[in-house]
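Next comes coords36.pdb, a file with PDB, C-alpha atoms.
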ATOM      1  CA  MET A   1     -18.378 -46.112  21.795
ATOM      2  CA  LEU A   2     -17.822 -44.019  18.684
ATOM      3  CA  THR A   3     -20.451 -44.371  15.988
ATOM      4  CA  PHE A   4     -20.790 -42.784  12.592
ATOM      5  CA  ASP A   5     -23.840 -40.906  13.841
ATOM      6  CA  ASN A   6     -22.093 -39.061  16.658
ATOM      7  CA  LEU A   7     -18.990 -38.680  14.475
ATOM      8  CA  ALA A   8     -21.119 -36.972  11.827
ATOM      9  CA  GLU A   9     -22.828 -34.817  14.441
ATOM     10  CA  GLY A  10     -19.533 -33.386  15.659
ATOM     11  CA  MET A  11     -18.178 -32.774  12.162
ATOM     12  CA  LEU A  12     -21.411 -31.185  10.963
ATOM     13  CA  ALA A  13     -21.350 -28.798  13.926
ATOM     14  CA  SER A  14     -17.812 -27.783  12.989
ATOM     15  CA  PHE A  15     -18.796 -27.158   9.362
ATOM     16  CA  GLU A  16     -21.886 -25.211  10.404
ATOM     17  CA  SER A  17     -19.751 -22.944  12.571
ATOM     18  CA  LYS A  18     -17.281 -22.410   9.751
ATOM     19  CA  ASP A  19     -20.064 -21.676   7.264
ATOM     20  CA  ARG A  20     -21.680 -19.096   9.564
ATOM     21  CA  ALA A  21     -18.312 -17.421  10.070
ATOM     22  CA  ARG A  22     -17.681 -17.365   6.310
ATOM     23  CA  GLU A  23     -21.079 -15.833   5.558
ATOM     24  CA  GLU A  24     -20.615 -13.115   8.169
ATOM     25  CA  ALA A  25     -17.046 -12.351   7.070
ATOM     26  CA  PHE A  26     -18.143 -12.217   3.430
ATOM     27  CA  ARG A  27     -20.905  -9.747   4.269
ATOM     28  CA  LEU A  28     -18.502  -7.589   6.256
ATOM     29  CA  SER A  29     -15.901  -7.714   3.465
ATOM     30  CA  ARG A  30     -18.407  -6.511   0.881
ATOM     31  CA  ASN A  31     -19.345  -3.636   3.154
ATOM     32  CA  VAL A  32     -15.690  -2.678   3.701
ATOM     33  CA  ILE A  33     -15.128  -2.578  -0.062
ATOM     34  CA  ARG A  34     -18.246  -0.465  -0.601
ATOM     35  CA  VAL A  35     -17.360   1.964   2.183
ATOM     36  CA  CYS A  36     -13.760   2.363   0.978
ATOM     37  CA  SER A  37     -14.920   3.018  -2.571
ATOM     38  CA  THR A  38     -17.242   5.738  -1.290
ATOM     39  CA  SER A  39     -14.414   7.176   0.814
ATOM     40  CA  ILE A  40     -12.209   7.503  -2.264
ATOM     41  CA  ARG A  41     -14.988   9.292  -4.143
ATOM     42  CA  SER A  42     -15.376  11.630  -1.177
ATOM     43  CA  VAL A  43     -11.677  12.553  -1.344
ATOM     44  CA  HIS A  44     -12.048  13.393  -5.033
ATOM     45  CA  ARG A  45     -14.975  15.641  -4.148
ATOM     46  CA  GLY A  46     -13.108  17.308  -1.314
ATOM     47  CA  ASP A  47     -15.401  15.858   1.387
ATOM     48  CA  LEU A  48     -12.507  14.901   3.652
ATOM     49  CA  GLU A  49     -14.531  14.657   6.844
ATOM     50  CA  VAL A  50     -16.842  12.126   5.197
ATOM     51  CA  ALA A  51     -13.830  10.237   3.810
ATOM     52  CA  GLU A  52     -12.259   9.964   7.269
ATOM     53  CA  ARG A  53     -15.500   8.718   8.824
ATOM     54  CA  LEU A  54     -15.887   6.061   6.152
ATOM     55  CA  MET A  55     -12.296   4.883   6.562
ATOM     56  CA  ASP A  56     -12.879   4.512  10.300
ATOM     57  CA  GLU A  57     -15.974   2.454   9.539
ATOM     58  CA  ALA A  58     -13.953   0.270   7.189
ATOM     59  CA  ALA A  59     -11.240  -0.230   9.820
ATOM     60  CA  SER A  60     -13.873  -1.392  12.298
ATOM     61  CA  GLY A  61     -15.240  -3.784   9.693
ATOM     62  CA  LEU A  62     -11.823  -5.334   9.120
ATOM     63  CA  GLU A  63     -11.367  -5.782  12.844
ATOM     64  CA  LYS A  64     -14.728  -7.573  13.074
ATOM     65  CA  ILE A  65     -13.691  -9.842  10.206
ATOM     66  CA  ARG A  66     -10.533 -10.823  12.075
ATOM     67  CA  GLU A  67     -12.587 -11.622  15.168
ATOM     68  CA  VAL A  68     -15.155 -13.662  13.231
ATOM     69  CA  LEU A  69     -12.461 -15.692  11.468
ATOM     70  CA  SER A  70     -10.054 -16.038  14.385
ATOM     71  CA  ASP A  71     -10.788 -19.787  14.539
ATOM     72  CA  HIS A  72     -11.149 -20.222  10.782
ATOM     73  CA  GLN A  73      -7.890 -19.172   9.170
ATOM     74  CA  ASP A  74      -8.569 -21.333   6.119
ATOM     75  CA  VAL A  75     -11.569 -19.122   5.367
ATOM     76  CA  ARG A  76      -9.503 -16.016   6.091
ATOM     77  CA  TYR A  77      -7.256 -16.863   3.155
ATOM     78  CA  ALA A  78     -10.036 -17.855   0.761
ATOM     79  CA  GLY A  79      -9.579 -14.539  -1.092
ATOM     80  CA  PHE A  80     -12.446 -12.205  -0.275
ATOM     81  CA  VAL A  81     -10.829 -10.802   2.862
ATOM     82  CA  ASP A  82      -7.774  -9.901   0.803
ATOM     83  CA  GLY A  83     -10.020  -7.868  -1.477
ATOM     84  CA  ALA A  84     -11.338  -5.887   1.482
ATOM     85  CA  GLU A  85      -7.833  -5.242   2.835
ATOM     86  CA  GLN A  86      -6.621  -4.124  -0.592
ATOM     87  CA  GLU A  87      -9.479  -1.663  -0.987
ATOM     88  CA  TYR A  88      -8.815  -0.309   2.494
ATOM     89  CA  ALA A  89      -5.094   0.081   1.754
ATOM     90  CA  GLU A  90      -5.979   1.955  -1.436
ATOM     91  CA  ALA A  91      -8.372   4.302   0.364
ATOM     92  CA  ARG A  92      -5.964   5.060   3.210
ATOM     93  CA  SER A  93      -3.004   5.545   0.872
ATOM     94  CA  PHE A  94      -4.892   7.803  -1.516
ATOM     95  CA  TYR A  95      -6.203   9.952   1.325
ATOM     96  CA  SER A  96      -2.786  10.310   2.956
ATOM     97  CA  ILE A  97      -0.949  11.068  -0.300
ATOM     98  CA  THR A  98      -3.420  13.675  -1.527
ATOM     99  CA  THR A  99      -4.105  15.451   1.762
ATOM    100  CA  ARG A 100      -0.741  15.246   3.560
ATOM    101  CA  HIS A 101       1.769  14.211   0.882
ATOM    102  CA  GLU A 102       2.579  11.311   3.194
ATOM    103  CA  ILE A 103       3.276   7.667   2.341
ATOM    104  CA  LEU A 104       1.875   5.226   4.903
ATOM    105  CA  ALA A 105       3.714   1.994   5.765
ATOM    106  CA  PRO A 106       1.877  -1.376   5.841
ATOM    107  CA  GLU A 107       1.874  -1.435   9.650
ATOM    108  CA  GLN A 108       0.326   2.038   9.764
ATOM    109  CA  ILE A 109      -2.547   0.866   7.595
ATOM    110  CA  GLY A 110      -2.830  -2.477   9.335
ATOM    111  CA  VAL A 111      -3.087  -4.921   6.440
ATOM    112  CA  GLU A 112      -0.919  -7.758   5.140
ATOM    113  CA  LEU A 113       2.109  -6.798   3.063
ATOM    114  CA  VAL A 114       0.818  -8.183  -0.245
ATOM    115  CA  ASN A 115      -2.537  -6.466   0.208
ATOM    116  CA  TYR A 116      -0.749  -3.215   0.989
ATOM    117  CA  LEU A 117       1.233  -3.441  -2.250
ATOM    118  CA  VAL A 118      -1.820  -4.346  -4.334
ATOM    119  CA  GLY A 119      -3.663  -1.413  -2.772
ATOM    120  CA  LEU A 120      -0.789   0.885  -3.718
ATOM    121  CA  GLY A 121      -0.993  -0.386  -7.279
ATOM    122  CA  ASP A 122      -4.665   0.550  -7.421
ATOM    123  CA  THR A 123      -3.863   3.943  -5.896
ATOM    124  CA  THR A 124      -2.049   4.923  -9.096
ATOM    125  CA  GLY A 125      -5.352   4.988 -10.950
ATOM    126  CA  GLU A 126      -6.885   7.314  -8.380
ATOM    127  CA  LEU A 127      -3.807   9.543  -8.457
ATOM    128  CA  ARG A 128      -4.129   9.782 -12.226
ATOM    129  CA  ARG A 129      -7.733  10.895 -11.821
ATOM    130  CA  HIS A 130      -6.623  13.428  -9.206
ATOM    131  CA  ILE A 131      -3.992  14.839 -11.580
ATOM    132  CA  LEU A 132      -6.535  15.146 -14.383
ATOM    133  CA  ASP A 133      -8.822  17.055 -12.008
ATOM    134  CA  LEU A 134      -5.947  19.415 -11.203
ATOM    135  CA  ILE A 135      -5.303  19.955 -14.909
ATOM    136  CA  ARG A 136      -8.954  20.773 -15.541
ATOM    137  CA  ASN A 137      -8.867  23.258 -12.672
ATOM    138  CA  GLY A 138      -5.815  25.044 -14.067
ATOM    139  CA  ARG A 139      -3.475  23.636 -11.407
ATOM    140  CA  ALA A 140      -1.345  21.365 -13.580
ATOM    141  CA  LYS A 141       1.866  22.341 -11.782
ATOM    142  CA  GLU A 142       0.586  20.702  -8.587
ATOM    143  CA  GLY A 143       0.243  17.448 -10.486
ATOM    144  CA  GLU A 144       4.003  17.033 -10.769
ATOM    145  CA  TYR A 145       4.243  15.825  -7.169
ATOM    146  CA  PHE A 146       1.562  13.182  -7.681
ATOM    147  CA  LEU A 147       3.117  12.029 -10.945
ATOM    148  CA  GLY A 148       6.330  11.504  -8.989
ATOM    149  CA  VAL A 149       4.413   9.379  -6.475
ATOM    150  CA  ILE A 150       2.968   7.222  -9.261
ATOM    151  CA  GLU A 151       6.499   6.723 -10.555
ATOM    152  CA  GLU A 152       7.815   5.739  -7.128
ATOM    153  CA  ILE A 153       4.941   3.294  -6.626
ATOM    154  CA  TYR A 154       5.718   1.676  -9.977
ATOM    155  CA  TYR A 155       9.409   1.285  -9.125
ATOM    156  CA  LEU A 156       8.482  -0.145  -5.727
ATOM    157  CA  LEU A 157       6.129  -2.751  -7.193
ATOM    158  CA  MET A 158       8.725  -3.787  -9.759
ATOM    159  CA  LEU A 159      11.012  -4.929  -6.938
ATOM    160  CA  PHE A 160       8.638  -7.766  -6.016
ATOM    161  CA  ASP A 161       9.176 -10.104  -8.953
ATOM    162  CA  TYR A 162       7.892 -13.289  -7.348
ATOM    163  CA  PRO A 163       5.415 -15.980  -8.469
ATOM    164  CA  ASP A 164       1.701 -15.180  -8.261
ATOM    165  CA  ALA A 165       1.353 -17.891  -5.622
ATOM    166  CA  ILE A 166       3.242 -15.507  -3.321
ATOM    167  CA  THR A 167       2.233 -12.073  -4.604
ATOM    168  CA  ARG A 168      -1.413 -12.896  -5.482
ATOM    169  CA  GLY A 169      -1.758 -10.798  -8.630
ATOM    170  CA  LEU A 170       0.782  -8.101  -7.847
ATOM    171  CA  ARG A 171       2.317  -8.366 -11.324
ATOM    172  CA  ARG A 172      -0.945  -7.105 -12.845
ATOM    173  CA  LYS A 173      -0.842  -4.110 -10.518
ATOM    174  CA  SER A 174       2.706  -3.358 -11.649
ATOM    175  CA  ASP A 175       1.455  -3.319 -15.237
ATOM    176  CA  LEU A 176      -1.396  -1.025 -14.187
ATOM    177  CA  ALA A 177       1.015   1.358 -12.472
ATOM    178  CA  ARG A 178       3.218   1.477 -15.577
ATOM    179  CA  SER A 179       0.201   2.265 -17.754
ATOM    180  CA  MET A 180      -0.966   5.015 -15.375
ATOM    181  CA  LEU A 181       2.544   6.470 -15.304
ATOM    182  CA  GLU A 182       2.964   6.589 -19.073
ATOM    183  CA  LYS A 183      -0.466   8.027 -19.824
ATOM    184  CA  THR A 184      -0.394  10.559 -17.004
ATOM    185  CA  ARG A 185       3.117  11.755 -17.834
ATOM    186  CA  GLY A 186       1.956  12.512 -21.365
ATOM    187  CA  ASP A 187      -1.191  14.308 -20.215
ATOM    188  CA  LEU A 188       0.639  16.362 -17.617
ATOM    189  CA  THR A 189       3.502  17.267 -19.955
ATOM    190  CA  ASN A 190       1.019  18.543 -22.540
ATOM    191  CA  ALA A 191      -0.862  20.524 -19.900
ATOM    192  CA  LEU A 192       2.299  22.140 -18.559
ATOM    193  CA  GLU A 193       3.520  23.035 -22.035
ATOM    194  CA  LEU A 194       0.156  24.582 -22.849
ATOM    195  CA  ALA A 195       0.256  26.567 -19.605
ATOM    196  CA  ASN A 196       3.723  27.861 -20.503
ATOM    197  CA  VAL A 197       2.543  28.911 -23.967
ATOM    198  CA  LYS A 198      -0.431  30.744 -22.463
ATOM    199  CA  ALA A 199       1.821  32.492 -19.954
ATOM    200  CA  SER A 200       4.209  33.541 -22.731
ATOM    201  CA  LEU A 201       1.374  34.881 -24.868
ATOM    202  CA  GLN A 202      -0.048  36.810 -21.938
ATOM    203  CA  GLY A 203       3.387  38.270 -21.215
ATOM    204  CA  PHE A 204       3.840  39.264 -24.856
ATOM    205  CA  SER A 205       0.388  40.793 -24.954
ATOM    206  CA  GLY A 206       1.134  42.788 -21.802
ATOM    207  CA  LYS A 207       4.375  44.124 -23.252
ATOM    208  CA  ARG A 208       2.597  45.237 -26.419
ATOM    209  CA  ARG A 209       0.028  47.142 -24.379
ATOM    210  CA  ASP A 210       2.844  48.852 -22.457
TER     211      ASP A 210
END

Before we go any further, please render this structure as structure tokens.
Amino acid sequence: MLTFDNLAEGMLASFESKDRAREEAFRLSRNVIRVCSTSIRSVHRGDLEVAERLMDEAASGLEKIREVLSDHQDVRYAGFVDGAEQEYAEARSFYSITTRHEILAPEQIGVELVNYLVGLGDTTGELRRHILDLIRNGRAKEGEYFLGVIEEIYYLLMLFDYPDAITRGLRRKSDLARSMLEKTRGDLTNALELANVKASLQGFSGKRRD
């Protein structure tokens, strides 16, 4: 005969299992975000081997999260797992764009579509930083490719004009991409014009010496 005591016992066991899964998935998600952030910094520093190792570690972490939450899909969509997937998509995209000039598709990265797009939006900020590094190193011309990528990302994100309930904050990333595009275009244009002036002055100086 069913009693409230044994009814409560069964329900409490279910909640305990869900809570343990949530705690473990949350811990893993925080680690994935931390590792991906470090991977991005490693790319900026040119430590590509370290960046690759960290991305592999992050991929393993995401796989463990999926295993832990396989029976708790309500927890999976509580929000924090999305944050980990977005950071991973950003790290993978930034690495691929800067090292191979290659755009990765969502299925190549292995995250949900919305998280892929949000990660791309965040990638524009890292690409801006990369372009500024190129400018400081006297390689402004190389930045034109990456400015073009920022522009393409912005146009891509603008296609997904849906409510936030579907896109989960993607509109804010579109605004971020537009801001990165406008500011970086101005910085790069100034750097290229300055480089042209310097080249002209050097050419004029050389002709005078001749």

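Taking only C-alpha atoms into account, A:Glu85 lies nearest to A:Arg66 out of the set A:Lys173, A:Arg66, A:Arg136, A:Arg129.
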
Note to self: So that I can check the surroundings of A:Thr184, please list as a PyMOL selection string every protein, DNA and RNA residue that reaches within 8 Å of it, counting only C-alpha atoms and ignoring chain neighbours fewer than 3 positions away.
What the structure shows: chain A and resi 128+131+147+180-181+187-188

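For the residues A:Gly169, A:Gly186, A:Gly61, A:Gly148, ranking by smallest atom-to-atom distance to A:Leu117 using only C-alpha atoms places A:Gly169 first.
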
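Near A:Thr167, within 12 Å and counting only C-alpha atoms, sit Asp82, Glu112, Leu113, Val114, Asn115, Tyr116, Leu117, Val118, Leu157, Met158, Leu159, Phe160, Asp161, Tyr162, Arg172, Lys173 and Ser174 of chain A, not including residues fewer than 5 positions from it in the same chain.
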
Next item on the list: Take the PyMOL selection byres ((chain A and resi 9-19) around 12), apply it to the structure above, and return the hits as a count of residues only.
Entry: 23

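Residues in contact with A:His130 at 9 Å, where only C-alpha atoms are counted and same-chain residues fewer than 6 positions away are skipped, are listed as His44, Thr98, Gly143 and Phe146 of chain A.
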
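One distance worth recording is that between atom CA of A:Ile150 and atom CA of A:Asn31, which is 27.7 Å.
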
Next item on the list: I would like the residues chosen by the PyMOL selection byres ((chain A and resi 33-43) around 8) on the shown file; could you give them as a VMD selection string?
Entry: chain A and resid 29 to 32 44 to 48 50 to 52 54 to 55 57 to 58 83 to 84 87 to 88 91 94 to 95

Enclosing box along x, y and z for every listed atom of stretch 95-106 of chain A, padded 8 Å each side, centre and size in Å, one decimal, as JSON:
{"center_x": -1.2, "center_y": 7.0, "center_z": 2.2, "size_x": 25.9, "size_y": 32.8, "size_z": 23.4}

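Nearest to A:Ile65 of all the residues A:Lys141, A:Arg53, A:Arg100, A:Arg27 is A:Arg27, counting all atoms listed in the file.
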
Missing atoms in stretch 42-63 of chain A need filling: write out N, CA and C atoms for it as a PDB file, keeping the file's coordinate frame.
ATOM      1  N   SER A  42     -15.251  10.453  -2.029  1.00  0.00           N
ATOM      2  CA  SER A  42     -15.376  11.630  -1.177  1.00  0.00           C
ATOM      3  C   SER A  42     -14.101  12.471  -1.204  1.00  0.00           C
ATOM      4  N   VAL A  43     -12.939  11.822  -1.251  1.00  0.00           N
ATOM      5  CA  VAL A  43     -11.677  12.553  -1.344  1.00  0.00           C
ATOM      6  C   VAL A  43     -11.632  13.339  -2.653  1.00  0.00           C
ATOM      7  N   HIS A  44     -12.030  12.699  -3.744  1.00  0.00           N
ATOM      8  CA  HIS A  44     -12.048  13.393  -5.033  1.00  0.00           C
ATOM      9  C   HIS A  44     -12.953  14.626  -4.986  1.00  0.00           C
ATOM     10  N   ARG A  45     -14.027  14.526  -4.233  1.00  0.00           N
ATOM     11  CA  ARG A  45     -14.975  15.641  -4.148  1.00  0.00           C
ATOM     12  C   ARG A  45     -14.569  16.686  -3.120  1.00  0.00           C
ATOM     13  N   GLY A  46     -13.539  16.380  -2.349  1.00  0.00           N
ATOM     14  CA  GLY A  46     -13.108  17.308  -1.314  1.00  0.00           C
ATOM     15  C   GLY A  46     -13.848  17.160  -0.004  1.00  0.00           C
ATOM     16  N   ASP A  47     -14.661  16.104   0.147  1.00  0.00           N
ATOM     17  CA  ASP A  47     -15.401  15.858   1.387  1.00  0.00           C
ATOM     18  C   ASP A  47     -14.534  15.026   2.333  1.00  0.00           C
ATOM     19  N   LEU A  48     -13.503  15.649   2.882  1.00  0.00           N
ATOM     20  CA  LEU A  48     -12.507  14.901   3.652  1.00  0.00           C
ATOM     21  C   LEU A  48     -13.057  14.374   4.968  1.00  0.00           C
ATOM     22  N   GLU A  49     -13.947  15.117   5.575  1.00  0.00           N
ATOM     23  CA  GLU A  49     -14.531  14.657   6.844  1.00  0.00           C
ATOM     24  C   GLU A  49     -15.327  13.373   6.621  1.00  0.00           C
ATOM     25  N   VAL A  50     -16.085  13.335   5.540  1.00  0.00           N
ATOM     26  CA  VAL A  50     -16.842  12.126   5.197  1.00  0.00           C
ATOM     27  C   VAL A  50     -15.885  10.979   4.898  1.00  0.00           C
ATOM     28  N   ALA A  51     -14.813  11.264   4.156  1.00  0.00           N
ATOM     29  CA  ALA A  51     -13.830  10.237   3.810  1.00  0.00           C
ATOM     30  C   ALA A  51     -13.207   9.625   5.059  1.00  0.00           C
ATOM     31  N   GLU A  52     -12.861  10.454   6.026  1.00  0.00           N
ATOM     32  CA  GLU A  52     -12.259   9.964   7.269  1.00  0.00           C
ATOM     33  C   GLU A  52     -13.238   9.076   8.032  1.00  0.00           C
ATOM     34  N   ARG A  53     -14.493   9.510   8.106  1.00  0.00           N
ATOM     35  CA  ARG A  53     -15.500   8.718   8.824  1.00  0.00           C
ATOM     36  C   ARG A  53     -15.681   7.349   8.174  1.00  0.00           C
ATOM     37  N   LEU A  54     -15.707   7.323   6.868  1.00  0.00           N
ATOM     38  CA  LEU A  54     -15.887   6.061   6.152  1.00  0.00           C
ATOM     39  C   LEU A  54     -14.681   5.141   6.322  1.00  0.00           C
ATOM     40  N   MET A  55     -13.480   5.710   6.344  1.00  0.00           N
ATOM     41  CA  MET A  55     -12.296   4.883   6.562  1.00  0.00           C
ATOM     42  C   MET A  55     -12.292   4.287   7.968  1.00  0.00           C
ATOM     43  N   ASP A  56     -12.765   5.044   8.941  1.00  0.00           N
ATOM     44  CA  ASP A  56     -12.879   4.512  10.300  1.00  0.00           C
ATOM     45  C   ASP A  56     -13.876   3.354  10.343  1.00  0.00           C
ATOM     46  N   GLU A  57     -14.972   3.527   9.602  1.00  0.00           N
ATOM     47  CA  GLU A  57     -15.974   2.454   9.539  1.00  0.00           C
ATOM     48  C   GLU A  57     -15.379   1.206   8.896  1.00  0.00           C
ATOM     49  N   ALA A  58     -14.592   1.400   7.854  1.00  0.00           N
ATOM     50  CA  ALA A  58     -13.953   0.270   7.189  1.00  0.00           C
ATOM     51  C   ALA A  58     -12.959  -0.427   8.114  1.00  0.00           C
ATOM     52  N   ALA A  59     -12.203   0.350   8.879  1.00  0.00           N
ATOM     53  CA  ALA A  59     -11.240  -0.230   9.820  1.00  0.00           C
ATOM     54  C   ALA A  59     -11.952  -1.094  10.854  1.00  0.00           C
ATOM     55  N   SER A  60     -13.091  -0.614  11.333  1.00  0.00           N
ATOM     56  CA  SER A  60     -13.873  -1.392  12.298  1.00  0.00           C
ATOM     57  C   SER A  60     -14.377  -2.684  11.661  1.00  0.00           C
ATOM     58  N   GLY A  61     -14.776  -2.594  10.398  1.00  0.00           N
ATOM     59  CA  GLY A  61     -15.240  -3.784   9.693  1.00  0.00           C
ATOM     60  C   GLY A  61     -14.148  -4.826   9.555  1.00  0.00           C
ATOM     61  N   LEU A  62     -12.940  -4.391   9.237  1.00  0.00           N
ATOM     62  CA  LEU A  62     -11.823  -5.334   9.120  1.00  0.00           C
ATOM     63  C   LEU A  62     -11.507  -5.990  10.456  1.00  0.00           C
ATOM     64  N   GLU A  63     -11.614  -5.219  11.515  1.00  0.00           N
ATOM     65  CA  GLU A  63     -11.367  -5.782  12.844  1.00  0.00           C
ATOM     66  C   GLU A  63     -12.413  -6.839  13.192  1.00  0.00           C
TER      67      GLU A  63
END
